[in-house]
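Reproduced below: final_29.cif, with mmCIF, C-alpha atoms.
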data_final
#
loop_
_atom_site.label_atom_id
_atom_site.label_comp_id
_atom_site.auth_asym_id
_atom_site.auth_seq_id
_atom_site.Cartn_x
_atom_site.Cartn_y
_atom_site.Cartn_z
CA MET P 1 9.91 -41.31 4.34
CA LYS P 2 7.32 -40.67 7.07
CA LEU P 3 9.76 -41.94 9.68
CA LEU P 4 12.45 -39.62 8.33
CA CYS P 5 10.20 -36.52 8.52
CA PHE P 6 9.11 -37.44 12.03
CA ALA P 7 12.74 -37.75 13.10
CA SER P 8 13.58 -34.30 11.73
CA VAL P 9 10.60 -32.70 13.53
CA VAL P 10 11.52 -34.36 16.82
CA ALA P 11 15.13 -33.26 16.37
CA ALA P 12 14.11 -29.64 15.75
CA ALA P 13 11.78 -29.70 18.74
CA THR P 14 14.23 -31.24 21.19
CA ALA P 15 16.88 -28.73 20.11
CA PHE P 16 15.08 -26.10 22.19
CA THR P 17 15.33 -28.19 25.42
CA THR P 18 18.18 -28.00 27.93
CA SER P 19 18.44 -31.72 28.67
CA PRO P 20 21.71 -33.54 27.81
CA SER P 21 19.88 -35.81 25.39
CA ALA P 22 19.14 -32.79 23.22
CA PHE P 23 22.65 -32.67 21.86
CA SER P 24 22.55 -36.23 20.54
CA SER P 25 19.16 -35.52 18.96
CA ILE P 26 20.59 -32.52 17.09
CA SER P 27 23.17 -34.65 15.35
CA VAL P 28 20.53 -37.14 14.26
CA GLY P 29 18.38 -34.31 12.99
CA GLU P 30 21.24 -32.81 11.03
CA ARG P 31 21.93 -36.11 9.28
CA ALA P 32 18.25 -36.44 8.43
CA ILE P 33 18.04 -32.91 7.09
CA ASN P 34 21.15 -33.39 4.96
CA LYS P 35 19.62 -36.49 3.46
CA VAL P 36 16.45 -34.62 2.59
CA TYR P 37 18.35 -31.76 0.96
CA THR P 38 20.34 -34.20 -1.18
CA ASP P 39 17.20 -35.77 -2.47
CA GLY P 40 16.52 -34.13 -5.89
CA ALA P 41 12.77 -34.67 -5.88
CA ALA P 42 12.36 -33.12 -2.45
CA HIS P 43 14.50 -30.15 -3.43
CA ARG P 44 12.38 -29.43 -6.47
CA THR P 45 9.15 -29.45 -4.48
CA ARG P 46 10.52 -27.43 -1.56
CA ARG P 47 8.68 -24.11 -0.98
CA SER P 48 9.05 -21.09 1.25
CA THR P 49 6.97 -20.61 4.36
CA ILE P 50 3.42 -19.53 3.44
CA VAL P 51 1.44 -17.47 5.92
CA MET P 52 -2.15 -18.63 5.77
CA ASP P 53 -3.72 -16.43 8.45
CA GLY P 54 -6.35 -13.97 7.24
CA LYS P 55 -4.52 -10.78 8.29
CA ALA P 56 -1.38 -11.51 6.28
CA ASN P 57 -3.34 -12.55 3.21
CA ALA P 58 -5.41 -9.37 3.39
CA ILE P 59 -2.24 -7.25 3.61
CA ARG P 60 -0.72 -9.07 0.65
CA ASP P 61 -3.85 -8.40 -1.44
CA ARG P 62 -3.74 -4.75 -0.38
CA ILE P 63 -0.11 -4.44 -1.48
CA LYS P 64 -1.01 -5.83 -4.89
CA SER P 65 -3.96 -3.41 -5.20
CA VAL P 66 -1.85 -0.39 -4.22
CA THR P 67 0.89 -1.37 -6.66
CA ASN P 68 -1.63 -1.63 -9.50
CA THR P 69 -3.03 1.78 -8.58
CA LYS P 70 0.45 3.27 -8.74
CA LYS P 71 0.89 1.90 -12.26
CA ILE P 72 -2.39 3.51 -13.31
CA THR P 73 -1.54 6.93 -11.85
CA MET P 74 1.90 6.91 -13.46
CA ALA P 75 0.32 6.06 -16.82
CA MET P 76 -2.15 8.95 -16.40
CA LYS P 77 0.74 11.30 -15.63
CA LEU P 78 2.53 10.32 -18.84
CA VAL P 79 -0.66 10.72 -20.87
CA ALA P 80 -1.15 14.22 -19.42
CA ALA P 81 2.46 15.07 -20.28
CA ALA P 82 1.90 14.04 -23.90
CA LYS P 83 -1.20 16.23 -24.05
CA VAL P 84 0.72 19.18 -22.60
CA ARG P 85 3.15 18.87 -25.49
CA ARG P 86 0.22 18.90 -27.91
CA ALA P 87 -1.20 22.04 -26.26
CA GLN P 88 2.25 23.62 -26.50
CA ASP P 89 2.41 22.89 -30.24
CA ALA P 90 -1.09 24.36 -30.70
CA VAL P 91 -0.02 27.63 -29.04
CA LEU P 92 3.06 27.87 -31.26
CA ALA P 93 0.95 27.19 -34.37
CA THR P 94 -1.39 30.13 -33.66
CA ARG P 95 1.41 32.54 -32.80
CA PRO P 96 2.17 33.76 -36.41
CA PHE P 97 -1.47 34.73 -36.95
CA SER P 98 -1.57 36.64 -33.65
CA GLU P 99 1.65 38.48 -34.46
CA THR P 100 0.43 39.51 -37.93
CA LEU P 101 -2.94 40.64 -36.56
CA GLN P 102 -1.28 42.72 -33.86
CA SER P 103 1.13 44.25 -36.35
CA VAL P 104 -1.59 45.23 -38.84
CA PHE P 105 -3.79 46.61 -36.06
CA GLY P 106 -0.90 48.68 -34.69
CA GLY P 107 -0.15 50.08 -38.15
CA LEU P 108 -3.78 51.06 -38.74
CA ILE P 109 -4.04 52.73 -35.34
CA SER P 110 -0.88 54.70 -36.12
CA ARG P 111 -2.37 55.71 -39.49
CA LEU P 112 -5.53 56.89 -37.75
CA GLY P 113 -3.59 58.49 -34.90
CA GLY P 114 -4.98 61.96 -35.49
CA GLU P 115 -8.57 60.84 -35.86
CA ASN P 116 -11.15 60.05 -33.25
CA ILE P 117 -11.65 56.30 -33.37
CA ASP P 118 -15.33 55.76 -32.74
CA LEU P 119 -16.01 52.02 -32.86
CA PRO P 120 -18.49 50.09 -30.70
CA LEU P 121 -15.88 47.55 -29.56
CA LEU P 122 -13.52 50.34 -28.47
CA THR P 123 -16.12 52.51 -26.72
CA GLN P 124 -16.44 52.46 -22.94
CA ARG P 125 -20.00 52.34 -21.58
CA ASP P 126 -21.67 52.85 -18.25
CA VAL P 127 -21.59 49.31 -16.86
CA LYS P 128 -25.03 48.08 -15.87
CA LYS P 129 -24.59 44.44 -16.81
CA VAL P 130 -21.50 42.23 -17.07
CA THR P 131 -21.03 38.85 -18.75
CA LEU P 132 -18.58 36.53 -17.01
CA VAL P 133 -16.82 33.95 -19.21
CA VAL P 134 -15.63 31.15 -16.91
CA ILE P 135 -13.28 28.41 -18.16
CA THR P 136 -13.07 25.16 -16.19
CA GLY P 137 -12.24 21.58 -17.10
CA ASP P 138 -14.40 18.70 -18.26
CA ARG P 139 -12.91 16.13 -15.87
CA GLY P 140 -11.53 15.84 -12.37
CA LEU P 141 -8.38 14.22 -10.97
CA CYS P 142 -6.54 17.51 -11.40
CA GLY P 143 -6.16 18.77 -7.84
CA GLY P 144 -7.78 22.11 -7.08
CA TYR P 145 -7.84 23.36 -10.67
CA ASN P 146 -11.64 23.39 -11.04
CA SER P 147 -12.49 24.36 -7.47
CA PHE P 148 -10.15 27.39 -7.51
CA MET P 149 -11.76 28.77 -10.66
CA ILE P 150 -15.31 28.10 -9.42
CA ARG P 151 -14.61 29.92 -6.16
CA LYS P 152 -13.10 32.87 -8.02
CA ALA P 153 -16.14 33.07 -10.32
CA GLU P 154 -18.51 32.96 -7.33
CA ALA P 155 -16.56 35.72 -5.58
CA ARG P 156 -16.63 37.93 -8.68
CA TYR P 157 -20.34 37.30 -9.20
CA LYS P 158 -21.08 38.29 -5.60
CA GLU P 159 -18.87 41.38 -5.87
CA LEU P 160 -20.72 42.64 -8.95
CA THR P 161 -24.21 41.88 -7.65
CA ASP P 162 -23.44 43.65 -4.36
CA GLN P 163 -22.71 46.75 -6.45
CA GLY P 164 -26.11 46.48 -8.13
CA ILE P 165 -24.69 45.33 -11.47
CA GLY P 166 -26.50 42.61 -13.39
CA VAL P 167 -24.49 39.48 -14.23
CA ASP P 168 -24.94 36.55 -16.56
CA MET P 169 -22.45 33.79 -17.34
CA VAL P 170 -20.91 31.99 -20.30
CA LEU P 171 -19.58 28.67 -18.99
CA ILE P 172 -16.90 26.61 -20.70
CA GLY P 173 -16.22 23.17 -19.23
CA LYS P 174 -18.47 20.48 -17.76
CA LYS P 175 -17.34 20.99 -14.17
CA GLY P 176 -18.32 24.65 -14.13
CA VAL P 177 -21.54 24.02 -16.04
CA GLY P 178 -22.66 21.31 -13.62
CA TYR P 179 -21.82 23.40 -10.55
CA PHE P 180 -23.56 26.63 -11.57
CA GLU P 181 -26.58 24.91 -13.15
CA ARG P 182 -27.35 23.13 -9.87
CA ARG P 183 -27.35 26.50 -8.08
CA ASN P 184 -29.55 28.30 -10.63
CA TYR P 185 -27.06 30.94 -11.74
CA PRO P 186 -28.06 32.95 -14.87
CA ILE P 187 -26.32 31.13 -17.73
CA ARG P 188 -26.25 32.58 -21.24
CA LEU P 189 -24.22 29.82 -22.91
CA ALA P 190 -22.73 26.50 -21.78
CA VAL P 191 -20.20 24.53 -23.85
CA ASP P 192 -17.65 21.80 -23.23
CA CYS P 193 -13.99 22.69 -23.02
CA GLY P 194 -12.40 19.56 -24.48
CA GLN P 195 -8.73 18.63 -24.52
CA ASN P 196 -7.87 20.16 -27.90
CA PRO P 197 -9.55 23.57 -28.40
CA ASP P 198 -9.79 24.76 -32.01
CA ALA P 199 -10.79 27.90 -33.91
CA SER P 200 -14.36 26.73 -34.53
CA GLN P 201 -14.98 26.33 -30.80
CA ALA P 202 -13.53 29.77 -30.11
CA LEU P 203 -15.62 31.24 -32.96
CA GLN P 204 -18.85 29.89 -31.44
CA ILE P 205 -18.06 31.58 -28.13
CA SER P 206 -16.84 34.86 -29.63
CA GLN P 207 -19.93 35.21 -31.83
CA GLU P 208 -22.21 34.84 -28.83
CA LEU P 209 -20.21 37.43 -26.90
CA LEU P 210 -20.13 39.91 -29.80
CA ASN P 211 -23.86 39.57 -30.44
CA SER P 212 -24.71 40.20 -26.81
CA TYR P 213 -22.37 43.21 -26.58
CA LEU P 214 -23.29 44.87 -29.87
CA SER P 215 -27.03 44.42 -29.18
CA GLY P 216 -26.65 46.19 -25.84
CA GLU P 217 -27.58 43.15 -23.73
CA THR P 218 -24.31 43.47 -21.81
CA ASP P 219 -21.95 46.39 -21.24
CA ALA P 220 -18.71 44.55 -20.47
CA ILE P 221 -17.32 41.03 -20.84
CA GLU P 222 -14.84 39.63 -18.34
CA LEU P 223 -12.85 36.45 -18.83
CA LEU P 224 -11.92 34.19 -15.90
CA TYR P 225 -9.32 31.57 -16.78
CA THR P 226 -6.30 29.79 -15.31
CA LYS P 227 -2.97 31.28 -16.34
CA PHE P 228 -0.32 28.65 -16.94
CA VAL P 229 2.79 29.38 -14.85
CA SER P 230 4.60 26.05 -14.48
CA LEU P 231 3.93 22.35 -14.01
CA ILE P 232 3.43 22.88 -10.29
CA ALA P 233 1.76 26.30 -10.30
CA SER P 234 -1.10 28.03 -12.10
CA THR P 235 -2.91 31.25 -11.29
CA PRO P 236 -6.66 31.96 -11.61
CA SER P 237 -6.79 35.25 -13.55
CA THR P 238 -9.37 37.81 -14.62
CA ARG P 239 -9.20 40.16 -17.60
CA THR P 240 -11.61 42.38 -19.50
CA LEU P 241 -12.28 41.12 -23.02
CA VAL P 242 -14.71 43.73 -24.29
CA PRO P 243 -14.58 46.70 -24.70
CA PHE P 244 -11.06 46.63 -26.11
CA SER P 245 -8.33 49.13 -25.46
CA ALA P 246 -6.40 50.10 -28.58
CA SER P 247 -3.24 50.90 -26.61
CA GLU P 248 -3.40 47.55 -24.81
CA ILE P 249 -3.71 45.60 -28.07
CA THR P 250 -0.73 47.32 -29.66
CA SER P 251 1.51 47.03 -26.57
CA GLN P 252 0.55 43.59 -25.28
CA ALA P 253 3.53 41.22 -25.13
CA ASP P 254 3.26 37.44 -25.26
CA GLU P 255 5.09 34.37 -24.03
CA VAL P 256 5.31 30.73 -25.00
CA PHE P 257 6.23 27.67 -22.96
CA GLN P 258 7.95 24.42 -23.81
CA LEU P 259 7.76 21.16 -21.88
CA THR P 260 11.20 19.65 -21.26
CA SER P 261 12.51 16.55 -19.49
CA SER P 262 15.82 15.97 -17.74
CA GLY P 263 16.80 12.93 -15.71
CA GLY P 264 13.27 11.57 -15.87
CA ASP P 265 11.76 14.78 -14.44
CA PHE P 266 9.53 17.15 -16.40
CA GLY P 267 10.08 20.89 -16.52
CA VAL P 268 8.90 23.98 -18.39
CA GLU P 269 10.92 26.58 -20.23
CA ARG P 270 9.21 29.92 -20.74
CA LYS P 271 10.19 32.43 -23.41
CA GLU P 272 9.10 36.06 -23.41
CA LEU P 273 8.19 37.34 -26.88
CA GLU P 274 8.58 40.94 -27.88
CA VAL P 275 5.64 43.06 -28.96
CA ALA P 276 5.00 42.84 -32.69
CA GLU P 277 6.19 45.97 -34.47
CA PRO P 278 3.36 48.01 -36.07
CA GLN P 279 3.24 47.52 -39.82
CA GLU P 280 4.19 50.65 -41.71
CA PHE P 281 1.74 51.94 -44.31
CA PRO P 282 3.01 54.66 -46.66
CA ASN P 283 1.15 57.93 -46.47
CA ASP P 284 0.24 57.74 -50.13
CA MET P 285 -1.25 54.26 -49.80
CA ILE P 286 -4.93 54.21 -50.78
CA PHE P 287 -7.13 51.73 -48.92
CA GLU P 288 -9.98 50.16 -50.83
CA GLN P 289 -11.99 50.27 -47.62
CA ASP P 290 -11.91 52.92 -44.96
CA PRO P 291 -9.24 52.10 -42.32
CA LEU P 292 -11.90 52.35 -39.61
CA GLU P 293 -13.86 49.58 -41.32
CA ILE P 294 -10.73 47.44 -41.50
CA VAL P 295 -10.08 47.96 -37.79
CA ASN P 296 -13.70 47.12 -37.06
CA ALA P 297 -13.28 43.87 -39.03
CA ILE P 298 -10.00 42.99 -37.28
CA LEU P 299 -11.38 43.33 -33.75
CA PRO P 300 -13.65 40.22 -33.93
CA LEU P 301 -10.67 38.23 -35.26
CA TYR P 302 -8.61 39.50 -32.34
CA LEU P 303 -11.33 38.48 -29.90
CA ASN P 304 -11.50 35.02 -31.47
CA GLY P 305 -7.72 34.65 -31.18
CA GLN P 306 -7.71 35.75 -27.54
CA ILE P 307 -10.42 33.25 -26.60
CA LEU P 308 -8.59 30.45 -28.39
CA ARG P 309 -5.36 31.33 -26.64
CA THR P 310 -6.94 31.39 -23.18
CA LEU P 311 -8.66 28.06 -23.89
CA GLN P 312 -5.31 26.53 -24.82
CA GLU P 313 -3.65 28.00 -21.75
CA SER P 314 -6.43 26.75 -19.47
CA VAL P 315 -6.16 23.25 -20.94
CA ALA P 316 -2.39 23.32 -20.40
CA SER P 317 -2.96 24.39 -16.78
CA GLU P 318 -5.48 21.58 -16.27
CA LEU P 319 -3.10 18.97 -17.71
CA ALA P 320 -0.21 20.28 -15.62
CA ALA P 321 -2.40 20.09 -12.51
CA ARG P 322 -3.34 16.51 -13.45
CA MET P 323 0.33 15.61 -13.90
CA GLN P 324 1.14 16.96 -10.46
CA SER P 325 -1.88 15.26 -8.89
CA MET P 326 -1.01 11.89 -10.44
CA GLN P 327 2.63 12.25 -9.35
CA SER P 328 1.48 12.89 -5.77
CA ALA P 329 -0.86 9.89 -5.97
CA SER P 330 1.99 7.69 -7.25
CA ASP P 331 4.30 8.84 -4.44
CA ASN P 332 1.60 8.17 -1.84
CA ALA P 333 0.96 4.71 -3.32
CA ALA P 334 4.66 3.86 -3.17
CA GLU P 335 4.88 4.97 0.46
CA LEU P 336 1.74 3.03 1.37
CA ALA P 337 3.08 -0.11 -0.35
CA ARG P 338 6.32 0.21 1.62
CA LYS P 339 4.49 0.45 4.95
CA LEU P 340 2.22 -2.45 4.04
CA SER P 341 5.25 -4.59 3.11
CA LEU P 342 6.75 -3.94 6.55
CA GLU P 343 3.46 -4.84 8.18
CA TYR P 344 3.19 -8.01 6.08
CA ASN P 345 6.73 -9.07 6.97
CA ARG P 346 6.03 -8.53 10.67
CA ALA P 347 2.85 -10.61 10.43
CA ARG P 348 4.70 -13.35 8.56
CA GLN P 349 7.49 -13.37 11.11
CA ALA P 350 5.00 -13.51 13.96
CA ALA P 351 3.26 -16.50 12.34
CA VAL P 352 6.54 -18.39 11.89
CA THR P 353 7.52 -17.66 15.49
CA GLN P 354 4.14 -18.92 16.66
CA GLU P 355 4.61 -22.18 14.76
CA ILE P 356 8.03 -22.72 16.34
CA LEU P 357 6.60 -22.09 19.81
CA GLU P 358 3.85 -24.62 19.15
CA ILE P 359 6.43 -27.26 18.10
CA VAL P 360 8.50 -26.57 21.22
CA ALA P 361 5.43 -26.78 23.43
CA GLY P 362 4.40 -30.09 21.82
CA ALA P 363 7.90 -31.54 22.26
CA THR P 364 7.98 -30.44 25.89
CA ALA P 365 4.60 -32.06 26.51
CA LEU P 366 5.91 -35.40 25.16
CA GLU P 367 8.73 -35.54 27.72
#

Go ahead and express the file in the form of structure tokens.
Amino acid sequence: MKLLCFASVVAAATAFTTSPSAFSSISVGERAINKVYTDGAAHRTRRSTIVMDGKANAIRDRIKSVTNTKKITMAMKLVAAAKVRRAQDAVLATRPFSETLQSVFGGLISRLGGENIDLPLLTQRDVKKVTLVVITGDRGLCGGYNSFMIRKAEARYKELTDQGIGVDMVLIGKKGVGYFERRNYPIRLAVDCGQNPDASQALQISQELLNSYLSGETDAIELLYTKFVSLIASTPSTRTLVPFSASEITSQADEVFQLTSSGGDFGVERKELEVAEPQEFPNDMIFEQDPLEIVNAILPLYLNGQILRTLQESVASELAARMQSMQSASDNAAELARKLSLEYNRARQAAVTQEILEIVAGATALE
């Protein structure tokens, strides 16, 4: 067997020479190779060429690492998509309550149309101090979602302080809390955002805001959150929470979104909802409580509902940003794996060519 292998090597080496004896050596080599290939045991143990140099092995390990990373990022994208669906269902579940509240409020305002509505939450004040409610996420890996909101909050804080207006902050989300705490901003309240906001979380925030406003500690409350537009776009937005505007509450429209999939790609369908019609109260209806007191009791519920809705919308924006970020990471990993495979194949080919040249050189030296 050793003699047979030696004959095949010599035949392969002499095939690269130009001497007449090379042609007779080729035929001997072919017969030897055919005999080896017909041997069952040798065929079962035959293996492909293995590149043992350090560069090729390092590239192969890198390809495996990049491929595993792509699997992780794709899994994170699918998890974020499932959570977007859950956020979508949460928004739809709270919609009937919001519609009923808006309808009752509109009917009461119409009933009190001829009267001067003098309620603390509907009264405009001279603004000497403003409370900024800033909603960020608890985690990263979501592109520029957190950084955009932090920059917008900083810009608004600077704008108000330059006008001589006092500012304090209510922070929702670990990223925003960590950033502003390290820079010694005035913080009134700091809470986590979570991935599934509920009414109790919104109630904790709204009670703090109402207490500070009704006690005169602040004159206006502004909310900074990320408005969900689509899976690839979201807009940092600012709105005034308190004091309320009766006309704005009764005329404010709403919209809901639904995550869809087609051909393996995710999309969003948005649906504009009409303004809830004001509930009609007969003129001869007698209220057990004064309508003003009922309106005053509805306003905190409205505030709680608005905070819950913006929390849900911010979470949906964060998850959509994470989906997009993980998709980009997966695409980059696939492209990197493709380039590394080309580099590995070139290194493997260069190593095989080098081995052939060494065999030829050794055969030439034996002549």

Legend entry - Residues selected by the PyMOL selection byres ((chain P and resi 308) around 12), written as an NGL selection string: :P and (87 or 90-91 or 93-95 or 97-98 or 135 or 172 or 193 or 196-206 or 225 or 301-307 or 309-315)

Legend entry - Spatial neighbours of Arg125 (chain P), max dist 12 Å, all atoms listed in the file, sep filter under 2 positions, as a PyMOL selection string: chain P and resi 119-123+127-130+213-214+216+218-221+242-244

Answer key for the PyMOL selection byres ((chain P and resi 147) around 12), residues as an mmCIF file with C-alpha atoms, keeping the file's coordinate frame:
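Dumped everything to result21.cif:
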data_model
loop_
_atom_site.group_PDB
_atom_site.id
_atom_site.type_symbol
_atom_site.label_atom_id
_atom_site.label_comp_id
_atom_site.auth_asym_id
_atom_site.auth_seq_id
_atom_site.Cartn_x
_atom_site.Cartn_y
_atom_site.Cartn_z
ATOM 1 C CA ILE P 135 -13.280 28.410 -18.160
ATOM 2 C CA THR P 136 -13.070 25.160 -16.190
ATOM 3 C CA GLY P 137 -12.240 21.580 -17.100
ATOM 4 C CA ARG P 139 -12.910 16.130 -15.870
ATOM 5 C CA GLY P 140 -11.530 15.840 -12.370
ATOM 6 C CA LEU P 141 -8.380 14.220 -10.970
ATOM 7 C CA CYS P 142 -6.540 17.510 -11.400
ATOM 8 C CA GLY P 143 -6.160 18.770 -7.840
ATOM 9 C CA GLY P 144 -7.780 22.110 -7.080
ATOM 10 C CA TYR P 145 -7.840 23.360 -10.670
ATOM 11 C CA ASN P 146 -11.640 23.390 -11.040
ATOM 12 C CA PHE P 148 -10.150 27.390 -7.510
ATOM 13 C CA MET P 149 -11.760 28.770 -10.660
ATOM 14 C CA ILE P 150 -15.310 28.100 -9.420
ATOM 15 C CA ARG P 151 -14.610 29.920 -6.160
ATOM 16 C CA LYS P 152 -13.100 32.870 -8.020
ATOM 17 C CA ALA P 153 -16.140 33.070 -10.320
ATOM 18 C CA GLU P 154 -18.510 32.960 -7.330
ATOM 19 C CA LYS P 175 -17.340 20.990 -14.170
ATOM 20 C CA GLY P 176 -18.320 24.650 -14.130
ATOM 21 C CA TYR P 179 -21.820 23.400 -10.550
ATOM 22 C CA THR P 226 -6.300 29.790 -15.310
ATOM 23 C CA PRO P 236 -6.660 31.960 -11.610
ATOM 24 C CA GLU P 318 -5.480 21.580 -16.270
#

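Between CA of Ala155 (chain P) and CA of Val167 (chain P) lies a distance of 12.3 Å.
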
Inset, instruction - Pick out the residues sitting within 12 Å of Ser330 (chain P), and hand them over as a PyMOL selection string; count only C-alpha atoms, and ignore anything fewer than 3 positions along from it in its own chain. - result: chain P and resi 66-78+323-327+333-337

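Closest approach to Arg322 (chain P) among P:Leu171, P:Ala361, P:Ile59, P:Ala82 is made by P:Ala82 (distances from all atoms listed in the file).
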
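Between CA of Ala190 (chain P) and CA of Gly173 (chain P) the interatomic distance comes to 7.7 Å.
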
Legend entry - Selection under test: the PyMOL selection byres ((chain P and resi 185) around 10); residues as a ChimeraX atom specification: /P:154,157,167-169,177,179-184,186-188

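Proximity of P:Leu92, P:Leu132, P:Leu292, P:Ala58 to Ile109 (chain P), computed with all atoms listed in the file, is greatest for P:Leu292.
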
Inset, instruction - Record the distance separating CA of Ser215 (chain P) and CA of Arg156 (chain P), expressed in Å with one decimal. - result: 23.9 Å

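Minimum distance to Leu299 (chain P) across P:Val133, P:Ala329, P:Ile286, P:Leu241 (counting only C-alpha atoms) occurs at P:Leu241.
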
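Residue nearest Glu208 (chain P), chosen from P:Gln163, P:Ser341, P:Gln195, P:Thr131 and counting all atoms listed in the file: P:Thr131.
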